[in-house]
Amino acid sequence: MSKVKYYYDSDTLSYRKIERKKTRTVKYMSLFILASAIFAFLFVFIASQYIESPREKGLKHELQNAQFQLELLNKKMDETETVLANIADRDNNIYRLYFEANPIPDEQRKAGFGGINRYKNLEGFDNSKLIIQSHKRLDQLQKQLVVQSKSLDEITKLAEEKEKLLTAIPAIQPVNNEDLTRMASGYGIRTDPFTKARKMHWGMDFTAPRGTPIYATGDGVVIRADNGSAGYGNHVRIDHGYGYISLYAHMYKYNVKKNQRVKRGDIIGFVGSTGRSEAPHLHYEIFKDEQRINPLNFYYGSLSAEEFNKLLEHASLENQSLD
Ligand SMILES: [Zn+2]
């Protein structure tokens, strides 16, 4: 039961009920609801500034994770950079050096991208710096890999060339060691077997019985196989390319024809004593760019250290040549 209030009406001399107006009640109530609503709204608004919603919490967590992963990726890039730097170093100081190519300077390997700002669309975010830095590093790594790959292509080509050169140049002994009776004479000042005068002996003499096989010392083309050169008797000349020519003289007979292609180790003739020769032997010469050079420097591939030393000892004796 609600309280009923009365008042004393002096005009009628009686107590009368106080009647509240309905409209007023409605007004009070509306005001109360409005005030509550404003208060509630303010409360939620202020609270939301300090208290995170579960959704916000989730997003924040995700962002932190992304940032962490990005930092991890940067660490992996550190390792990749180190490995690549190592490869570049070996490339410059071993491979390129070995194949006589100029090293690629660091500035060229690590050259950046000039001109426009490639990362403009990545600017303006909280983590822009980290993202731009990561992009830059990856772009640079990519570029370094391209430079490295091109360098290796070049090395491969040079290696193929070098292999050709290595099979071409005269690099074995033209007569088998087992067939040698003795190494008669080397390159240098020797006594002429006929005049007994001291004079330059331009090749190496290998003493072996008549008919002993003579081998081509490198791949090449036969440019002469005849006895038309004074003193050499039956002789063969092979052009190996790269400026190298080998000459085999005093043959008993030759086994090849002019313009014939030969491989290292092919039998091109047999030991004899034709031409200006005192006894059966092979007189062997090597030309480089039309200059005669000491054949002794060309056997590294085929002789053991001991065999080479023996050859060296014999070849340096200032004895009489067989010419
Ligand atoms: Zn000789």
# chains A, B, ... in the order shown; residues from 1 in each chain; ligands from 1

call {"tool": "select_by_dssp", "arguments": {"residues": "range 40-163 of chain A", "states": "alpha helix (DSSP H)", "output": "PyMOL selection string"}}
result
chain A and resi 40-50+54-90+96-98+106-109+128-163

call {"tool": "closest_atom_pairs", "arguments": {"of": "chain A", "to": "ligand 1", "cutoff": "6 Å", "atoms": "only C-alpha atoms and all ligand atoms", "output": "tab-separated table"}}
result
residue	atom	partner	partner_atom_place_in_ligand_line	distance
A:Gly203	CA	ligand 1	1 (Zn)	5.5
A:Met204	CA	ligand 1	1 (Zn)	5.5
A:Asp205	CA	ligand 1	1 (Zn)	4.6
A:His283	CA	ligand 1	1 (Zn)	4.3
A:Ser321	CA	ligand 1	1 (Zn)	5.8
A:Leu322	CA	ligand 1	1 (Zn)	5.3
A:Asp323	CA	ligand 1	1 (Zn)	3.3

call {"tool": "write_last_selection", "arguments": {"atoms": "N, CA, C and O atoms", "output": "PDB file, in the first residue's frame"}}
result
ATOM      1  N   GLY A 203     116.077 -29.128 -77.279  1.00  0.00           N
ATOM      2  CA  GLY A 203     115.013 -30.062 -76.892  1.00  0.00           C
ATOM      3  C   GLY A 203     115.516 -31.056 -75.878  1.00  0.00           C
ATOM      4  O   GLY A 203     116.514 -30.826 -75.188  1.00  0.00           O
ATOM      5  N   MET A 204     114.791 -32.160 -75.753  1.00  0.00           N
ATOM      6  CA  MET A 204     115.223 -33.236 -74.865  1.00  0.00           C
ATOM      7  C   MET A 204     115.409 -34.494 -75.685  1.00  0.00           C
ATOM      8  O   MET A 204     114.619 -34.777 -76.587  1.00  0.00           O
ATOM      9  N   ASP A 205     116.445 -35.240 -75.402  1.00  0.00           N
ATOM     10  CA  ASP A 205     116.685 -36.508 -76.102  1.00  0.00           C
ATOM     11  C   ASP A 205     116.290 -37.672 -75.205  1.00  0.00           C
ATOM     12  O   ASP A 205     116.725 -37.754 -74.050  1.00  0.00           O
ATOM     13  N   HIS A 283     114.272 -36.943 -80.362  1.00  0.00           N
ATOM     14  CA  HIS A 283     114.557 -35.546 -80.016  1.00  0.00           C
ATOM     15  C   HIS A 283     113.207 -34.835 -79.945  1.00  0.00           C
ATOM     16  O   HIS A 283     112.439 -34.844 -80.897  1.00  0.00           O
ATOM     17  N   SER A 321     124.825 -34.192 -76.356  1.00  0.00           N
ATOM     18  CA  SER A 321     123.495 -34.537 -76.856  1.00  0.00           C
ATOM     19  C   SER A 321     123.618 -35.510 -78.022  1.00  0.00           C
ATOM     20  O   SER A 321     124.701 -35.701 -78.562  1.00  0.00           O
ATOM     21  N   LEU A 322     122.483 -36.123 -78.359  1.00  0.00           N
ATOM     22  CA  LEU A 322     122.471 -36.989 -79.540  1.00  0.00           C
ATOM     23  C   LEU A 322     121.943 -36.263 -80.766  1.00  0.00           C
ATOM     24  O   LEU A 322     121.864 -36.809 -81.841  1.00  0.00           O
ATOM     25  N   ASP A 323     121.519 -35.035 -80.501  1.00  0.00           N
ATOM     26  CA  ASP A 323     120.882 -34.138 -81.463  1.00  0.00           C
ATOM     27  C   ASP A 323     119.607 -34.650 -82.104  1.00  0.00           C
ATOM     28  O   ASP A 323     119.002 -35.585 -81.659  1.00  0.00           O
TER      29      ASP A 323
END

call {"tool": "atom_distance", "arguments": {"atom1": "CA of Gly58 in chain A", "atom2": "CA of Phe43 in chain A"}}
result
23.2 Å

call {"tool": "select_by_dssp", "arguments": {"residues": "range 112-282 of chain A", "states": "strand (DSSP E)", "output": "ChimeraX atom specification"}}
result
/A:182-185,188-191,198-201,204-207,213-215,220-226,234-241,244-254,261-262,267-271,281-282

call {"tool": "residues_around", "arguments": {"residues": "Met77 in chain A", "least_positions_apart": "6", "cutoff": "10 Å", "atoms": "only C-alpha atoms", "output": "list in words"}}
result
Glu71, Val83, Ser134, Arg137, Leu138 and Leu141 of chain A

call {"tool": "write_last_selection", "arguments": {"atoms": "C-alpha atoms", "output": "compact mmCIF listing (two decimals), in the first residue's frame"}}
result
# COMPACT_ATOMS: atom_id res chain seq x y z
CA GLU A 71 62.32 -10.89 -35.68
CA VAL A 83 76.67 -18.26 -45.49
CA SER A 134 63.14 -7.09 -43.58
CA ARG A 137 67.46 -7.34 -46.49
CA LEU A 138 65.63 -9.97 -48.50
CA LEU A 141 70.01 -11.20 -50.46

call {"tool": "residues_around", "arguments": {"residues": "Ser151 in chain A", "least_positions_apart": "2", "cutoff": "12 Å", "atoms": "only C-alpha atoms", "output": "PyMOL selection string"}}
result
chain A and resi 87-88+90-92+95-96+99+101-105+108-109+144-149+153-158

call {"tool": "write_last_selection", "arguments": {"atoms": "N, CA, C and O atoms", "output": "short mmCIF file (atom, residue, chain, number, x, y, z; two decimals), in the first residue's frame"}}
result
data_model
loop_
_atom_site.label_atom_id
_atom_site.label_comp_id
_atom_site.auth_asym_id
_atom_site.auth_seq_id
_atom_site.Cartn_x
_atom_site.Cartn_y
_atom_site.Cartn_z
N ILE A 87 80.37 -17.90 -49.21
CA ILE A 87 80.43 -18.38 -50.59
C ILE A 87 81.08 -17.32 -51.48
O ILE A 87 81.95 -17.63 -52.31
N ALA A 88 80.68 -16.06 -51.28
CA ALA A 88 81.24 -14.97 -52.09
C ALA A 88 82.75 -14.89 -51.88
O ALA A 88 83.51 -14.67 -52.82
N ARG A 90 84.80 -17.36 -50.97
CA ARG A 90 85.45 -18.49 -51.65
C ARG A 90 85.45 -18.26 -53.16
O ARG A 90 86.41 -18.55 -53.86
N ASP A 91 84.33 -17.70 -53.65
CA ASP A 91 84.21 -17.43 -55.08
C ASP A 91 85.33 -16.50 -55.53
O ASP A 91 86.03 -16.77 -56.50
N ASN A 92 85.52 -15.39 -54.76
CA ASN A 92 86.53 -14.40 -55.13
C ASN A 92 87.95 -14.94 -54.96
O ASN A 92 88.80 -14.73 -55.81
N TYR A 95 87.84 -19.79 -56.47
CA TYR A 95 87.38 -20.16 -57.82
C TYR A 95 87.81 -19.15 -58.88
O TYR A 95 88.42 -19.50 -59.87
N ARG A 96 87.47 -17.88 -58.62
CA ARG A 96 87.79 -16.87 -59.63
C ARG A 96 89.30 -16.71 -59.77
O ARG A 96 89.82 -16.49 -60.86
N PHE A 99 90.71 -19.64 -61.82
CA PHE A 99 90.42 -19.57 -63.25
C PHE A 99 90.78 -18.20 -63.83
O PHE A 99 90.31 -17.83 -64.89
N ALA A 101 89.97 -15.16 -63.21
CA ALA A 101 88.96 -14.14 -63.43
C ALA A 101 89.11 -13.11 -62.33
O ALA A 101 89.53 -13.44 -61.23
N ASN A 102 88.78 -11.83 -62.64
CA ASN A 102 88.90 -10.80 -61.62
C ASN A 102 87.88 -11.03 -60.53
O ASN A 102 86.75 -11.41 -60.81
N PRO A 103 88.26 -10.80 -59.26
CA PRO A 103 87.25 -10.91 -58.20
C PRO A 103 86.15 -9.87 -58.39
O PRO A 103 86.41 -8.81 -58.96
N ILE A 104 84.94 -10.19 -57.95
CA ILE A 104 83.84 -9.22 -58.02
C ILE A 104 83.89 -8.37 -56.77
O ILE A 104 83.82 -8.90 -55.67
N PRO A 105 84.07 -7.04 -56.92
CA PRO A 105 84.20 -6.19 -55.72
C PRO A 105 82.92 -6.23 -54.88
O PRO A 105 81.83 -6.42 -55.41
N GLN A 108 79.95 -4.15 -55.80
CA GLN A 108 79.14 -4.68 -56.89
C GLN A 108 78.23 -5.80 -56.39
O GLN A 108 77.08 -5.91 -56.80
N ARG A 109 78.77 -6.62 -55.50
CA ARG A 109 77.97 -7.72 -54.96
C ARG A 109 76.81 -7.21 -54.12
O ARG A 109 75.73 -7.78 -54.11
N GLN A 144 72.24 -10.42 -54.29
CA GLN A 144 73.55 -11.05 -54.10
C GLN A 144 73.56 -12.46 -54.69
O GLN A 144 74.55 -12.88 -55.27
N LEU A 145 72.44 -13.15 -54.54
CA LEU A 145 72.34 -14.51 -55.09
C LEU A 145 72.43 -14.49 -56.61
O LEU A 145 73.06 -15.37 -57.21
N VAL A 146 71.81 -13.47 -57.23
CA VAL A 146 71.87 -13.37 -58.69
C VAL A 146 73.32 -13.13 -59.13
O VAL A 146 73.81 -13.80 -60.04
N VAL A 147 74.01 -12.21 -58.43
CA VAL A 147 75.42 -11.92 -58.76
C VAL A 147 76.25 -13.20 -58.62
O VAL A 147 77.04 -13.55 -59.49
N GLN A 148 76.02 -13.92 -57.50
CA GLN A 148 76.78 -15.14 -57.23
C GLN A 148 76.52 -16.19 -58.31
O GLN A 148 77.44 -16.84 -58.81
N SER A 149 75.27 -16.32 -58.67
CA SER A 149 74.91 -17.32 -59.68
C SER A 149 75.56 -17.01 -61.02
O SER A 149 76.08 -17.90 -61.70
N ASP A 153 78.28 -19.20 -63.22
CA ASP A 153 78.11 -19.51 -64.66
C ASP A 153 79.42 -19.23 -65.40
O ASP A 153 79.86 -20.02 -66.23
N GLU A 154 80.00 -18.07 -65.06
CA GLU A 154 81.25 -17.66 -65.70
C GLU A 154 82.36 -18.66 -65.37
O GLU A 154 83.12 -19.07 -66.25
N ILE A 155 82.42 -19.06 -64.09
CA ILE A 155 83.44 -20.02 -63.65
C ILE A 155 83.29 -21.35 -64.41
O ILE A 155 84.27 -21.95 -64.83
N THR A 156 82.03 -21.79 -64.58
CA THR A 156 81.78 -23.04 -65.29
C THR A 156 82.35 -22.97 -66.70
O THR A 156 83.01 -23.91 -67.17
N LYS A 157 82.10 -21.84 -67.37
CA LYS A 157 82.62 -21.66 -68.73
C LYS A 157 84.14 -21.70 -68.73
O LYS A 157 84.76 -22.37 -69.56
N LEU A 158 84.73 -20.95 -67.78
CA LEU A 158 86.19 -20.91 -67.69
C LEU A 158 86.76 -22.29 -67.40
O LEU A 158 87.81 -22.66 -67.93
#

call {"tool": "residues_around", "arguments": {"residues": "Ile245 in chain A", "least_positions_apart": "5", "cutoff": "8 Å", "atoms": "only C-alpha atoms", "output": "ChimeraX atom specification"}}
result
/A:237-240,286-288

call {"tool": "closest_residue", "arguments": {"among": "A:Asp78, A:Asp219, A:Glu123, A:Asp266", "to": "Glu163 in chain A", "atoms": "only C-alpha atoms"}}
result
A:Asp219

call {"tool": "atom_distance", "arguments": {"atom1": "CA of Tyr284 in chain A", "atom2": "CA of His235 in chain A"}}
result
9.8 Å

call {"tool": "residues_around", "arguments": {"residues": "range 291-308 of chain A", "least_positions_apart": "6", "cutoff": "7 Å", "atoms": "only C-alpha atoms", "output": "list in words"}}
result
Pro170, Ala171, Ile172, Gln173, Tyr187, Trp202, Gly203, Met204 and Glu285 of chain A

call {"tool": "residues_around", "arguments": {"residues": "Asp289 in chain A", "least_positions_apart": "6", "cutoff": "9 Å", "atoms": "only C-alpha atoms", "output": "ChimeraX atom specification"}}
result
/A:242-245

call {"tool": "write_last_selection", "arguments": {"atoms": "N, CA, C and O atoms", "output": "PDB file, in the first residue's frame"}}
result
ATOM      1  N   TYR A 242      96.401 -22.677 -78.383  1.00  0.00           N
ATOM      2  CA  TYR A 242      96.878 -21.846 -77.261  1.00  0.00           C
ATOM      3  C   TYR A 242      98.361 -21.496 -77.413  1.00  0.00           C
ATOM      4  O   TYR A 242      99.039 -21.212 -76.429  1.00  0.00           O
ATOM      5  N   GLY A 243      98.894 -21.551 -78.663  1.00  0.00           N
ATOM      6  CA  GLY A 243     100.292 -21.176 -78.902  1.00  0.00           C
ATOM      7  C   GLY A 243     101.294 -22.315 -78.738  1.00  0.00           C
ATOM      8  O   GLY A 243     102.491 -22.095 -78.847  1.00  0.00           O
ATOM      9  N   TYR A 244     100.823 -23.539 -78.447  1.00  0.00           N
ATOM     10  CA  TYR A 244     101.740 -24.657 -78.207  1.00  0.00           C
ATOM     11  C   TYR A 244     101.907 -25.546 -79.443  1.00  0.00           C
ATOM     12  O   TYR A 244     100.931 -25.928 -80.079  1.00  0.00           O
ATOM     13  N   ILE A 245     103.170 -25.874 -79.745  1.00  0.00           N
ATOM     14  CA  ILE A 245     103.481 -26.842 -80.806  1.00  0.00           C
ATOM     15  C   ILE A 245     104.515 -27.803 -80.243  1.00  0.00           C
ATOM     16  O   ILE A 245     105.459 -27.384 -79.556  1.00  0.00           O
TER      17      ILE A 245
END

call {"tool": "atom_distance", "arguments": {"atom1": "CA of Pro174 in chain A", "atom2": "CA of Gly265 in chain A"}}
result
8.1 Å

call {"tool": "closest_residue", "arguments": {"among": "A:Ala208, A:Leu317, A:Leu34, A:Ile131", "to": "Leu73 in chain A", "atoms": "only C-alpha atoms"}}
result
A:Ile131

call {"tool": "closest_residue", "arguments": {"among": "A:Asn234, A:Gln133, A:Ile94, A:Thr181", "to": "Leu152 in chain A", "atoms": "only C-alpha atoms"}}
result
A:Ile94

call {"tool": "closest_residue", "arguments": {"among": "A:Ser36, A:Asn127, A:Gln320, A:Thr191", "to": "Phe68 in chain A", "atoms": "only C-alpha atoms"}}
result
A:Asn127
